[in-house]
>>> print(open('input06.txt').read())   # compact mmCIF, C-alpha atoms
# COMPACT_ATOMS: atom_id res chain seq x y z
CA MET A 21 -45.23 -40.92 -45.36
CA ARG A 22 -44.66 -37.61 -43.56
CA ARG A 23 -47.05 -38.72 -40.79
CA ALA A 24 -45.10 -41.95 -40.33
CA LEU A 25 -41.82 -40.07 -40.10
CA ALA A 26 -43.34 -37.72 -37.54
CA LEU A 27 -44.49 -40.66 -35.42
CA VAL A 28 -41.01 -42.20 -35.56
CA ALA A 29 -39.46 -38.91 -34.49
CA LEU A 30 -41.90 -38.56 -31.59
CA ALA A 31 -41.19 -42.11 -30.47
CA ALA A 32 -37.47 -41.46 -30.54
CA LEU A 33 -37.93 -38.34 -28.45
CA ALA A 34 -40.14 -40.21 -25.99
CA LEU A 35 -37.50 -42.85 -25.25
CA PRO A 36 -35.23 -42.01 -22.32
CA ALA A 37 -32.02 -40.67 -23.77
CA ALA A 38 -30.05 -41.88 -20.76
CA ALA A 39 -30.60 -45.47 -21.80
CA PHE A 40 -28.32 -44.91 -24.77
CA ALA A 41 -25.89 -42.49 -23.11
CA HIS A 42 -22.42 -43.36 -21.87
CA ALA A 43 -21.41 -42.84 -18.26
CA SER A 44 -20.79 -39.25 -17.16
CA LEU A 45 -18.59 -38.14 -14.29
CA SER A 46 -20.90 -36.47 -11.77
CA ARG A 47 -18.60 -35.85 -8.78
CA THR A 48 -14.92 -35.95 -7.89
CA VAL A 49 -12.98 -35.68 -4.63
CA PRO A 50 -11.00 -33.41 -4.79
CA SER A 51 -13.21 -31.42 -7.17
CA PHE A 52 -12.14 -29.74 -10.41
CA ARG A 53 -9.39 -27.17 -9.83
CA GLN A 54 -9.95 -27.30 -6.06
CA ARG A 55 -7.28 -25.92 -3.77
CA VAL A 56 -7.04 -28.08 -0.65
CA GLU A 57 -5.07 -27.15 2.42
CA ILE A 58 -4.77 -30.76 3.67
CA ALA A 59 -3.32 -33.28 1.24
CA PRO A 60 -5.93 -35.91 0.25
CA THR A 61 -5.19 -39.59 0.73
CA GLN A 62 -7.21 -40.73 -2.28
CA VAL A 63 -8.97 -39.55 -5.43
CA LEU A 64 -12.60 -40.60 -5.83
CA LEU A 65 -14.62 -40.51 -9.05
CA HIS A 66 -18.40 -40.98 -8.96
CA PHE A 67 -20.34 -41.67 -12.18
CA ASP A 68 -24.05 -41.43 -12.95
CA GLN A 69 -24.14 -45.13 -13.90
CA GLY A 70 -22.09 -48.24 -13.30
CA VAL A 71 -18.62 -48.47 -14.88
CA LYS A 72 -15.80 -51.00 -15.08
CA ILE A 73 -12.06 -50.47 -14.91
CA PHE A 74 -9.48 -52.26 -17.04
CA ALA A 75 -6.62 -52.25 -14.57
CA GLY A 76 -4.99 -50.20 -11.85
CA ASP A 77 -4.20 -47.36 -14.26
CA ALA A 78 -7.88 -46.30 -14.45
CA ILE A 79 -6.85 -43.27 -12.37
CA GLU A 80 -3.38 -41.76 -12.51
CA VAL A 81 -2.31 -38.71 -10.51
CA TRP A 82 0.80 -36.83 -11.63
CA THR A 83 2.89 -34.03 -10.21
CA ALA A 84 3.85 -31.04 -12.33
CA GLY A 85 7.28 -32.64 -12.76
CA GLY A 86 5.86 -35.92 -14.08
CA ALA A 87 6.07 -38.13 -10.99
CA LEU A 88 3.24 -40.66 -10.56
CA VAL A 89 1.86 -40.37 -7.00
CA SER A 90 -1.21 -42.63 -7.24
CA LEU A 91 -1.45 -46.29 -6.34
CA PRO A 92 -3.45 -48.82 -8.43
CA ALA A 93 -7.11 -47.86 -8.74
CA ARG A 94 -9.87 -50.09 -7.41
CA GLN A 95 -13.65 -50.25 -7.33
CA PRO A 96 -15.60 -50.56 -4.09
CA HIS A 97 -18.91 -52.44 -3.86
CA ASP A 98 -20.67 -49.50 -5.60
CA THR A 99 -19.78 -49.78 -9.30
CA HIS A 100 -20.55 -46.08 -9.71
CA ASP A 101 -17.30 -45.25 -7.90
CA VAL A 102 -13.61 -45.62 -8.71
CA ILE A 103 -10.94 -44.87 -6.10
CA ALA A 104 -7.16 -44.43 -6.35
CA PRO A 105 -5.13 -44.23 -3.09
CA LEU A 106 -2.40 -41.58 -3.03
CA ARG A 107 1.09 -41.38 -1.65
CA LYS A 108 1.92 -38.44 0.57
CA LEU A 109 1.43 -35.27 -1.49
CA ASP A 110 3.64 -32.21 -1.16
CA LYS A 111 2.59 -28.64 -1.85
CA GLY A 112 1.95 -28.07 -5.57
CA PRO A 113 -0.38 -28.71 -8.51
CA TYR A 114 -1.55 -32.21 -9.50
CA THR A 115 -3.11 -33.66 -12.65
CA VAL A 116 -5.68 -36.48 -12.56
CA ARG A 117 -6.09 -38.57 -15.73
CA TRP A 118 -8.73 -41.30 -15.82
CA HIS A 119 -10.48 -43.74 -18.13
CA VAL A 120 -13.24 -46.27 -17.49
CA LEU A 121 -15.50 -48.58 -19.50
CA SER A 122 -19.11 -47.43 -19.72
CA ILE A 123 -21.96 -49.95 -19.85
CA ASP A 124 -22.61 -48.96 -23.48
CA GLY A 125 -19.15 -50.32 -24.38
CA HIS A 126 -17.42 -46.97 -24.88
CA VAL A 127 -14.23 -45.93 -23.13
CA VAL A 128 -14.88 -42.67 -21.26
CA SER A 129 -11.84 -40.56 -20.38
CA GLY A 130 -11.07 -37.26 -18.73
CA VAL A 131 -8.59 -35.00 -17.00
CA PHE A 132 -8.77 -32.43 -14.22
CA THR A 133 -6.41 -30.70 -11.82
CA PHE A 134 -6.27 -29.80 -8.15
CA GLY A 135 -3.73 -28.16 -5.90
CA VAL A 136 -2.37 -28.82 -2.45
CA ARG A 137 -1.88 -25.43 -0.81
CA PHE A 138 -1.45 -24.26 -4.40
CA ASP A 139 -3.75 -22.79 -7.05
CA ALA A 140 -4.53 -25.51 -9.59
CA PRO A 141 -3.80 -24.74 -13.25
CA PRO A 142 -6.53 -25.07 -15.89
CA PRO A 143 -6.78 -28.53 -17.48
CA THR A 144 -5.36 -27.10 -20.72
CA GLU A 145 -2.09 -26.69 -18.77
CA ALA A 146 -2.24 -30.09 -17.08
CA PHE A 147 0.78 -32.38 -16.95
CA GLY A 148 1.17 -34.11 -20.31
CA ALA A 149 -0.46 -31.35 -22.36
CA SER A 150 1.98 -30.19 -25.00
CA GLY A 151 0.45 -26.75 -25.49
CA PRO A 152 -0.47 -25.06 -28.77
CA THR A 153 0.83 -26.75 -31.93
CA ARG A 154 1.43 -25.51 -35.46
CA ILE A 155 -1.92 -26.92 -36.49
CA GLU A 156 -3.56 -24.81 -33.79
CA HIS A 157 -1.71 -21.75 -35.09
CA VAL A 158 -3.16 -22.37 -38.54
CA ILE A 159 -6.62 -23.03 -37.10
CA ARG A 160 -6.54 -19.76 -35.15
CA TRP A 161 -5.33 -17.90 -38.24
CA VAL A 162 -8.28 -19.23 -40.23
CA TYR A 163 -10.53 -18.23 -37.33
CA PHE A 164 -9.18 -14.66 -37.39
CA THR A 165 -9.67 -14.62 -41.16
CA GLY A 166 -13.30 -15.69 -40.75
CA LEU A 167 -13.84 -13.02 -38.11
CA ALA A 168 -12.39 -10.38 -40.45
CA LEU A 169 -14.57 -11.49 -43.36
CA LEU A 170 -17.67 -11.41 -41.15
CA LEU A 171 -17.19 -8.26 -39.06
CA GLY A 172 -15.22 -6.35 -41.69
CA GLY A 173 -17.75 -7.26 -44.38
CA LEU A 174 -20.67 -6.09 -42.25
CA ALA A 175 -18.91 -2.83 -41.34
CA PHE A 176 -18.07 -2.14 -44.98
CA ARG A 177 -21.67 -2.75 -46.10
CA LEU A 178 -23.14 -0.60 -43.33
CA VAL A 179 -20.66 2.28 -43.10
CA ILE A 180 -19.08 2.52 -46.55
CA VAL A 181 -21.92 1.45 -48.84
CA GLY A 182 -24.70 2.45 -46.45
CA ARG A 183 -28.18 2.80 -47.91
CA ARG A 184 -27.00 3.18 -51.48
CA ALA A 185 -28.82 0.96 -53.95
CA VAL A 186 -26.76 -2.11 -54.87
CA SER A 187 -27.10 -4.54 -57.73
CA PRO A 188 -28.22 -8.16 -57.25
CA GLU A 189 -24.73 -9.25 -58.32
CA TYR A 190 -23.17 -7.14 -55.55
CA ALA A 191 -25.65 -8.49 -52.98
CA ARG A 192 -24.94 -12.11 -53.93
CA ARG A 193 -21.18 -11.64 -53.68
CA PHE A 194 -21.44 -9.68 -50.41
CA TYR A 195 -23.57 -12.34 -48.74
CA GLY A 196 -21.35 -15.08 -50.11
CA VAL A 197 -18.24 -13.57 -48.53
CA THR A 198 -20.08 -12.78 -45.30
CA PHE A 199 -21.56 -16.26 -44.99
CA LEU A 200 -18.09 -17.70 -45.59
CA GLY A 201 -16.80 -15.59 -42.68
CA ALA A 202 -19.65 -16.75 -40.46
CA ALA A 203 -19.07 -20.42 -41.36
CA LEU A 204 -15.34 -20.15 -40.64
CA THR A 205 -15.97 -18.40 -37.33
CA LEU A 206 -18.36 -21.12 -36.16
CA GLU A 207 -16.80 -24.27 -37.59
CA VAL A 208 -13.17 -23.34 -37.04
CA GLY A 209 -14.01 -22.20 -33.51
CA ILE A 210 -15.34 -25.70 -32.79
CA ALA A 211 -12.22 -27.25 -34.34
CA ALA A 212 -9.98 -25.06 -32.18
CA PHE A 213 -11.83 -26.14 -29.03
CA LEU A 214 -11.58 -29.83 -29.96
CA LEU A 215 -7.86 -29.55 -30.69
CA ARG A 216 -7.22 -27.88 -27.34
CA ALA A 217 -9.34 -30.52 -25.59
CA GLU A 218 -7.52 -33.32 -27.41
CA ASP A 219 -4.20 -31.92 -26.24
CA ALA A 220 -5.41 -31.58 -22.64
CA LEU A 221 -6.87 -35.10 -22.53
CA GLN A 222 -4.01 -36.60 -24.58
CA LEU A 223 -6.44 -38.83 -26.47
CA PRO A 224 -6.75 -39.96 -30.08
CA PHE A 225 -9.71 -38.37 -31.84
CA GLN A 226 -11.92 -41.49 -31.77
CA ARG A 227 -11.69 -41.60 -27.97
CA LEU A 228 -12.07 -37.83 -27.67
CA LEU A 229 -15.68 -38.24 -28.87
CA TYR A 230 -16.44 -39.91 -25.51
CA GLY A 231 -14.14 -37.76 -23.43
CA ASP A 232 -15.33 -35.67 -20.49
CA LEU A 233 -14.90 -32.10 -21.75
CA SER A 234 -16.70 -30.42 -18.86
CA PRO A 235 -13.52 -29.35 -16.99
CA ILE A 236 -12.36 -27.57 -20.16
CA ALA A 237 -15.71 -26.20 -21.31
CA GLY A 238 -16.83 -24.97 -17.90
CA GLY A 239 -13.60 -24.72 -15.91
CA THR A 240 -11.42 -22.53 -18.11
CA ARG A 241 -11.75 -19.05 -19.58
CA PHE A 242 -10.99 -20.59 -22.96
CA GLY A 243 -13.91 -23.02 -22.69
CA GLU A 244 -16.35 -20.45 -21.36
CA ALA A 245 -15.39 -18.04 -24.14
CA PHE A 246 -15.81 -20.82 -26.72
CA ILE A 247 -19.37 -21.58 -25.56
CA ALA A 248 -20.38 -17.90 -25.38
CA MET A 249 -18.84 -17.03 -28.76
CA THR A 250 -20.34 -20.07 -30.49
CA LEU A 251 -23.80 -19.11 -29.28
CA GLY A 252 -23.21 -15.44 -30.04
CA PHE A 253 -21.98 -15.93 -33.57
CA SER A 254 -24.78 -18.39 -34.24
CA LEU A 255 -27.12 -15.49 -33.46
CA VAL A 256 -25.05 -13.21 -35.71
CA THR A 257 -25.40 -15.72 -38.54
CA ALA A 258 -29.16 -15.89 -37.97
CA PHE A 259 -29.47 -12.12 -38.33
CA VAL A 260 -27.40 -12.16 -41.53
CA VAL A 261 -29.72 -14.83 -42.91
CA LEU A 262 -32.73 -12.67 -41.98
CA ALA A 263 -31.18 -9.69 -43.76
CA TRP A 264 -30.57 -11.83 -46.84
CA LEU A 265 -34.14 -13.17 -46.86
CA THR A 266 -35.90 -9.88 -46.17
CA ASP A 267 -33.43 -7.42 -47.74
CA ARG A 268 -33.67 -5.28 -44.59
CA ILE A 269 -30.46 -3.58 -43.50
CA VAL A 270 -31.57 -3.32 -39.87
CA PHE A 271 -30.79 -7.02 -39.40
CA LEU A 272 -27.22 -6.37 -40.56
CA TRP A 273 -26.88 -3.68 -37.89
CA ALA A 274 -28.07 -6.19 -35.28
CA ALA A 275 -25.58 -8.79 -36.54
CA PHE A 276 -22.72 -6.28 -36.52
CA GLY A 277 -23.43 -5.05 -32.98
CA ILE A 278 -23.76 -8.57 -31.56
CA GLY A 279 -20.61 -9.65 -33.40
CA LEU A 280 -18.55 -6.84 -31.89
CA VAL A 281 -19.80 -7.71 -28.41
CA PHE A 282 -19.01 -11.42 -28.66
CA ALA A 283 -15.61 -10.80 -30.25
CA SER A 284 -14.62 -9.64 -26.77
CA GLY A 285 -14.57 -13.31 -25.74
CA LEU A 286 -11.08 -13.61 -27.21
CA SER A 287 -9.87 -10.64 -25.16
CA LEU A 288 -11.54 -11.86 -21.97
CA SER A 289 -9.85 -15.27 -22.21
CA GLY A 290 -6.40 -14.39 -23.56
CA HIS A 291 -3.17 -12.86 -22.29
CA SER A 292 -4.81 -9.50 -21.60
CA ALA A 293 -7.13 -11.12 -19.06
CA VAL A 294 -4.96 -13.68 -17.27
CA ASP A 295 -1.30 -12.66 -17.42
CA ALA A 296 0.55 -10.45 -14.97
CA GLY A 297 -0.50 -6.83 -15.35
CA ALA A 298 -3.89 -7.76 -16.81
CA SER A 299 -6.70 -5.31 -16.12
CA LYS A 300 -9.96 -4.05 -17.54
CA LEU A 301 -7.92 -1.55 -19.57
CA SER A 302 -5.74 -4.28 -21.09
CA GLU A 303 -8.86 -6.30 -21.98
CA LEU A 304 -10.41 -3.23 -23.62
CA ALA A 305 -7.21 -2.46 -25.52
CA ASP A 306 -7.02 -6.06 -26.78
CA TRP A 307 -10.66 -5.92 -27.94
CA VAL A 308 -10.08 -2.59 -29.73
CA HIS A 309 -6.93 -3.99 -31.35
CA LEU A 310 -8.75 -7.10 -32.57
CA CYS A 311 -11.82 -5.25 -33.87
CA ALA A 312 -9.80 -2.57 -35.65
CA ALA A 313 -7.72 -5.21 -37.42
CA CYS A 314 -10.80 -7.21 -38.46
CA LEU A 315 -12.66 -4.16 -39.80
CA TRP A 316 -9.62 -2.95 -41.71
CA LEU A 317 -8.69 -6.28 -43.32
CA GLY A 318 -12.29 -7.30 -43.91
CA GLY A 319 -12.90 -3.99 -45.66
CA LEU A 320 -9.93 -4.57 -47.94
CA VAL A 321 -11.34 -7.96 -48.92
CA GLN A 322 -14.69 -6.34 -49.70
CA LEU A 323 -12.97 -3.85 -52.00
CA VAL A 324 -11.08 -6.59 -53.84
CA LEU A 325 -13.68 -9.36 -54.06
CA VAL A 326 -17.01 -7.52 -54.01
CA VAL A 327 -16.88 -3.86 -55.02
CA TRP A 328 -14.32 -3.98 -57.79
CA PRO A 329 -15.73 -6.91 -59.80
CA LYS A 330 -19.45 -6.49 -58.99
CA ALA A 331 -20.08 -2.77 -58.36
CA PRO A 332 -18.06 -0.55 -60.72
CA ALA A 333 -20.24 2.45 -59.93
CA LEU A 334 -19.25 2.26 -56.26
CA ARG A 335 -15.49 1.99 -56.77
CA LYS A 336 -14.46 5.62 -56.39
CA VAL A 337 -16.76 6.49 -53.51
CA ALA A 338 -15.99 3.21 -51.76
CA ILE A 339 -12.22 3.56 -51.81
CA ARG A 340 -12.39 7.21 -50.77
CA ARG A 341 -14.70 6.53 -47.85
CA PHE A 342 -12.83 3.40 -46.84
CA SER A 343 -9.51 5.29 -46.88
CA ARG A 344 -10.89 7.73 -44.31
CA LEU A 345 -12.26 4.91 -42.15
CA ALA A 346 -9.02 2.94 -42.47
CA SER A 347 -7.07 5.92 -41.10
CA VAL A 348 -9.13 5.81 -37.91
CA LEU A 349 -8.88 2.02 -37.67
CA VAL A 350 -5.12 2.06 -38.13
CA ALA A 351 -4.73 4.74 -35.45
CA LEU A 352 -6.73 2.57 -33.01
CA LEU A 353 -4.78 -0.52 -34.06
CA LEU A 354 -1.43 1.15 -33.42
CA ALA A 355 -2.41 2.81 -30.14
CA ALA A 356 -3.83 -0.40 -28.66
CA GLY A 357 -0.97 -2.51 -30.03
CA ILE A 358 1.74 -0.25 -28.60
CA TYR A 359 0.07 -0.23 -25.20
CA LEU A 360 -0.20 -4.03 -25.14
CA SER A 361 3.40 -4.48 -26.32
CA VAL A 362 4.74 -2.24 -23.55
CA LEU A 363 2.56 -4.07 -21.03
CA ARG A 364 3.68 -7.57 -22.04
CA LEU A 365 7.39 -6.91 -22.65
CA PRO A 366 9.14 -5.72 -19.49
CA HIS A 367 12.35 -4.78 -21.35
CA LEU A 368 13.15 -3.55 -24.86
CA HIS A 369 15.64 -6.37 -25.45
CA ASP A 370 12.79 -8.86 -24.97
CA LEU A 371 11.86 -8.05 -28.58
CA TRP A 372 14.84 -10.03 -29.89
CA THR A 373 15.77 -12.28 -26.95
CA GLU A 374 12.35 -13.78 -26.09
CA GLY A 375 10.26 -16.00 -28.38
CA TYR A 376 7.16 -13.88 -27.80
CA GLY A 377 9.10 -10.73 -28.64
CA GLN A 378 10.52 -12.24 -31.83
CA VAL A 379 7.04 -13.14 -33.09
CA LEU A 380 5.87 -9.66 -32.13
CA LEU A 381 8.78 -8.17 -34.08
CA VAL A 382 7.72 -10.11 -37.19
CA LYS A 383 4.16 -8.93 -36.71
CA LEU A 384 5.26 -5.30 -36.31
CA SER A 385 7.32 -5.54 -39.50
CA LEU A 386 4.32 -6.87 -41.43
CA VAL A 387 2.08 -4.17 -39.95
CA ALA A 388 4.59 -1.51 -41.02
CA LEU A 389 4.57 -2.91 -44.57
CA ALA A 390 0.77 -2.99 -44.65
CA LEU A 391 0.59 0.57 -43.32
CA ALA A 392 3.05 1.81 -45.93
CA TRP A 393 1.01 0.10 -48.64
CA GLY A 394 -2.22 1.56 -47.30
CA GLY A 395 -0.65 5.00 -47.00
CA PHE A 396 0.37 4.82 -50.65
CA HIS A 397 -3.23 4.04 -51.60
CA ASN A 398 -4.58 6.82 -49.41
CA LEU A 399 -2.15 9.59 -50.28
CA VAL A 400 -1.25 8.83 -53.90
CA VAL A 401 -3.73 6.50 -55.56
CA ARG A 402 -6.89 8.12 -54.20
CA SER A 403 -6.12 11.36 -56.06
CA LEU A 404 -5.56 9.45 -59.35
CA LEU A 405 -8.81 7.49 -59.47
CA ASP A 406 -9.93 9.41 -62.58
CA ARG A 407 -7.19 7.75 -64.62
CA PRO A 408 -8.29 4.46 -66.27
CA ARG A 409 -4.81 2.91 -66.00
CA VAL A 410 -4.75 3.47 -62.23
CA VAL A 411 -8.24 1.99 -61.83
CA ALA A 412 -7.25 -1.06 -63.88
CA ARG A 413 -4.15 -1.79 -61.79
CA LEU A 414 -5.54 -0.93 -58.38
CA PRO A 415 -7.18 -4.33 -57.66
CA ARG A 416 -3.80 -6.06 -57.79
CA SER A 417 -2.34 -3.53 -55.38
CA LEU A 418 -5.31 -3.89 -53.02
CA ALA A 419 -4.96 -7.68 -53.20
CA GLY A 420 -1.29 -7.33 -52.26
CA GLU A 421 -2.18 -5.18 -49.25
CA SER A 422 -4.81 -7.76 -48.28
CA ALA A 423 -2.25 -10.57 -48.52
CA VAL A 424 0.11 -8.71 -46.19
CA GLY A 425 -2.84 -8.18 -43.86
CA MET A 426 -3.54 -11.92 -43.82
CA ALA A 427 0.12 -12.48 -42.95
CA VAL A 428 -0.38 -10.09 -40.03
CA LEU A 429 -3.28 -12.27 -38.87
CA LEU A 430 -1.06 -15.36 -39.06
CA ALA A 431 1.57 -13.67 -36.88
CA ALA A 432 -1.20 -12.63 -34.49
CA ALA A 433 -2.43 -16.24 -34.32
CA VAL A 434 1.04 -17.45 -33.33
CA LEU A 435 1.38 -14.57 -30.87
CA VAL A 436 -1.89 -15.40 -29.11
CA ASP A 437 -0.66 -18.95 -28.44
CA SER A 438 2.78 -17.79 -27.29
CA LYS A 439 3.68 -17.08 -23.69
CA PRO A 440 4.86 -13.53 -22.90
CA PRO A 441 8.06 -13.23 -20.84
CA ALA A 442 7.65 -13.27 -17.07
CA GLN A 443 7.17 -9.92 -15.42
CA PRO A 444 9.91 -8.86 -12.99
CA PRO A 445 8.93 -9.28 -9.33
CA PRO A 446 7.85 -6.06 -7.61
CA ALA A 447 10.56 -4.26 -5.72
CA PRO A 448 10.35 -4.84 -1.96
CA GLN A 449 8.95 -1.93 -0.02
CA PRO A 450 11.46 -0.36 2.38
CA ALA A 451 10.63 -0.90 6.01
CA VAL A 452 9.40 2.18 7.86
CA ALA A 453 11.08 2.63 11.18
CA SER A 454 8.61 3.23 13.97
CA ALA A 455 9.14 6.02 16.44
CA PRO A 456 10.40 4.89 19.85
CA ALA A 457 7.79 4.76 22.55
CA ARG A 458 8.01 7.38 25.24
>>> encode(input="input06.txt", output="structure tokens")
Amino acid sequence: MRRALALVALAALALPAAAFAHASLSRTVPSFRQRVEIAPTQVLLHFDQGVKIFAGDAIEVWTAGGALVSLPARQPHDTHDVIAPLRKLDKGPYTVRWHVLSIDGHVVSGVFTFGVRFDAPPPTEAFGASGPTRIEHVIRWVYFTGLALLLGGLAFRLVIVGRRAVSPEYARRFYGVTFLGAALTLEVGIAAFLLRAEDALQLPFQRLLYGDLSPIAGGTRFGEAFIAMTLGFSLVTAFVVLAWLTDRIVFLWAAFGIGLVFASGLSLSGHSAVDAGASKLSELADWVHLCAACLWLGGLVQLVLVVWPKAPALRKVAIRRFSRLASVLVALLLAAGIYLSVLRLPHLHDLWTEGYGQVLLVKLSLVALALAWGGFHNLVVRSLLDRPRVVARLPRSLAGESAVGMAVLLAAAVLVDSKPPAQPPPAPQPAVASAPAR
């Protein structure tokens, strides 16, 4: 039976996959996100196999203001091509939306942008895209939560617990929480990419399965970061599995180091990398801010869900060591956060007059509450750990601090998808009068 299954698998692999594949867009004129100095008179799409068009709306070209500037699409003698003539194009960005019928019966769709004497926006900002939604805010919040469970859990196990002997019950709970974080990071990351692609293409989900995602995956920082982080955190998960199977802590160190490196994908594709004033320093500050928050909140979850119920012998040493680590993490969190806030908000009144500032104000309030709660644990509770009543009530207090921390992550998720206020234009340089010639 196994031999028969193997033969079937080999036969399937031997068959040319292209025979069952739908048509793929192989070339466009203008090309993805191309800036052209001379306005084109038509848009051409070339596919790797023959396609059919339903009607003249197979290609539509839109201005940023929503004006349709394309004429009905047609197919020349070569069925691999589809052409849409254009009206006279002015300077500015343009969005191309297309859909054709592949020979396998599936409708293939896509979107890309170009600019006439103008830098083309990414396809995620194409005309018709609505931008981040509330569902995307929730998805990103769950993603941040998964990242905290994964990176914070690994840091807690390596730095706080270290090489101390742990019980099988502790190990099972630790790996359960860590695997949950890894699963959320991978699966929710894919969901976030698909939601952003669905918004850019403006397609229902069943047609998104046959959509051309290459302009988003390979033509935007968001897409490139998604691919890199998905591969990176797959490797992180593999090392965690190896540590679980072999009980060797060195694999956890490898997972933790790789995870910190690939977490930078969010900083390299977000506001700190693309907005006005962005620099290597702002990208570094954003990465430090993200990592400090994940290690702090993930450590709190480890205290509440792993150490307290499964490792009573580690409680006192764990909370004392974590309190010292949390002080460093909070200092980094605040320093990086203040720098980024000053960078993104040109004026103080932007905190209450701009949408981005209002969300930031909510986040700062939650951070202040979490810091006050953590300070109470560090300065008051830590010295009373010898009292049974304090030890019995502490898990509830730690859970409350963790809940506030999760609310901070939710505010951060909304903040990431919000647009900071525009930076004021630079002041004109005064003209320098030249000395009269003699």
>>> closest_residue(input="input06.txt", among="A:Thr250, A:Ser129, A:Ser299, A:Thr266", to="Leu223 of chain A", atoms="only C-alpha atoms")
A:Ser129
>>> residues_around(input="input06.txt", residues="Val436 of chain A", least_positions_apart="3", cutoff="8 Å", atoms="only C-alpha atoms", output="list in words")
Gly290, His291, Ala432, Ala433 and Lys439 of chain A
>>> atom_distance(input="input06.txt", atom1="atom CA of Leu435 of chain A", atom2="atom CA of Leu371 of chain A")
12.6 Å
>>> residues_around(input="input06.txt", residues="Val127 of chain A", least_positions_apart="2", cutoff="12 Å", atoms="all atoms listed in the file", output="mmCIF file with C-alpha atoms, in the frame of the given file")
data_model
loop_
_atom_site.group_PDB
_atom_site.id
_atom_site.type_symbol
_atom_site.label_atom_id
_atom_site.label_comp_id
_atom_site.auth_asym_id
_atom_site.auth_seq_id
_atom_site.Cartn_x
_atom_site.Cartn_y
_atom_site.Cartn_z
ATOM 1 C CA HIS A 42 -22.420 -43.360 -21.870
ATOM 2 C CA ALA A 43 -21.410 -42.840 -18.260
ATOM 3 C CA SER A 44 -20.790 -39.250 -17.160
ATOM 4 C CA VAL A 71 -18.620 -48.470 -14.880
ATOM 5 C CA LYS A 72 -15.800 -51.000 -15.080
ATOM 6 C CA ILE A 73 -12.060 -50.470 -14.910
ATOM 7 C CA PHE A 74 -9.480 -52.260 -17.040
ATOM 8 C CA ALA A 78 -7.880 -46.300 -14.450
ATOM 9 C CA TRP A 118 -8.730 -41.300 -15.820
ATOM 10 C CA HIS A 119 -10.480 -43.740 -18.130
ATOM 11 C CA VAL A 120 -13.240 -46.270 -17.490
ATOM 12 C CA LEU A 121 -15.500 -48.580 -19.500
ATOM 13 C CA SER A 122 -19.110 -47.430 -19.720
ATOM 14 C CA ILE A 123 -21.960 -49.950 -19.850
ATOM 15 C CA ASP A 124 -22.610 -48.960 -23.480
ATOM 16 C CA GLY A 125 -19.150 -50.320 -24.380
ATOM 17 C CA SER A 129 -11.840 -40.560 -20.380
ATOM 18 C CA GLY A 130 -11.070 -37.260 -18.730
ATOM 19 C CA LEU A 223 -6.440 -38.830 -26.470
ATOM 20 C CA PRO A 224 -6.750 -39.960 -30.080
ATOM 21 C CA GLN A 226 -11.920 -41.490 -31.770
ATOM 22 C CA ARG A 227 -11.690 -41.600 -27.970
ATOM 23 C CA LEU A 228 -12.070 -37.830 -27.670
ATOM 24 C CA LEU A 229 -15.680 -38.240 -28.870
ATOM 25 C CA TYR A 230 -16.440 -39.910 -25.510
ATOM 26 C CA GLY A 231 -14.140 -37.760 -23.430
ATOM 27 C CA ASP A 232 -15.330 -35.670 -20.490
#
>>> atom_distance(input="input06.txt", atom1="atom CA of Ser302 of chain A", atom2="atom CA of Ala356 of chain A")
8.7 Å
>>> closest_atom_pairs(input="input06.txt", of="segment 109-188 of chain A", to="segment 197-215 of chain A", cutoff="6 Å", atoms="only C-alpha atoms", output="Markdown table")
| residue | atom | partner | partner_atom | distance |
| --- | --- | --- | --- | --- |
| A:Tyr163 | CA | A:Thr205 | CA | 5.4 |
| A:Gly166 | CA | A:Gly201 | CA | 4.0 |
| A:Leu167 | CA | A:Thr205 | CA | 5.8 |
| A:Leu169 | CA | A:Gly201 | CA | 4.7 |
| A:Leu170 | CA | A:Gly201 | CA | 4.5 |
>>> atom_distance(input="input06.txt", atom1="atom CA of Gln222 of chain A", atom2="atom CA of Trp82 of chain A")
13.8 Å
>>> residues_around(input="input06.txt", residues="segment 146-154 of chain A", least_positions_apart="6", cutoff="10 Å", atoms="only C-alpha atoms", output="ChimeraX atom specification")
/A:81-87,113-117,131-134,140,160,215-222,434,436-438
>>> write_last_selection(input="input06.txt", atoms="C-alpha atoms", output="compact mmCIF listing (two decimals), keeping the file's coordinate frame")
# COMPACT_ATOMS: atom_id res chain seq x y z
CA VAL A 81 -2.31 -38.71 -10.51
CA TRP A 82 0.80 -36.83 -11.63
CA THR A 83 2.89 -34.03 -10.21
CA ALA A 84 3.85 -31.04 -12.33
CA GLY A 85 7.28 -32.64 -12.76
CA GLY A 86 5.86 -35.92 -14.08
CA ALA A 87 6.07 -38.13 -10.99
CA PRO A 113 -0.38 -28.71 -8.51
CA TYR A 114 -1.55 -32.21 -9.50
CA THR A 115 -3.11 -33.66 -12.65
CA VAL A 116 -5.68 -36.48 -12.56
CA ARG A 117 -6.09 -38.57 -15.73
CA VAL A 131 -8.59 -35.00 -17.00
CA PHE A 132 -8.77 -32.43 -14.22
CA THR A 133 -6.41 -30.70 -11.82
CA PHE A 134 -6.27 -29.80 -8.15
CA ALA A 140 -4.53 -25.51 -9.59
CA ARG A 160 -6.54 -19.76 -35.15
CA LEU A 215 -7.86 -29.55 -30.69
CA ARG A 216 -7.22 -27.88 -27.34
CA ALA A 217 -9.34 -30.52 -25.59
CA GLU A 218 -7.52 -33.32 -27.41
CA ASP A 219 -4.20 -31.92 -26.24
CA ALA A 220 -5.41 -31.58 -22.64
CA LEU A 221 -6.87 -35.10 -22.53
CA GLN A 222 -4.01 -36.60 -24.58
CA VAL A 434 1.04 -17.45 -33.33
CA VAL A 436 -1.89 -15.40 -29.11
CA ASP A 437 -0.66 -18.95 -28.44
CA SER A 438 2.78 -17.79 -27.29
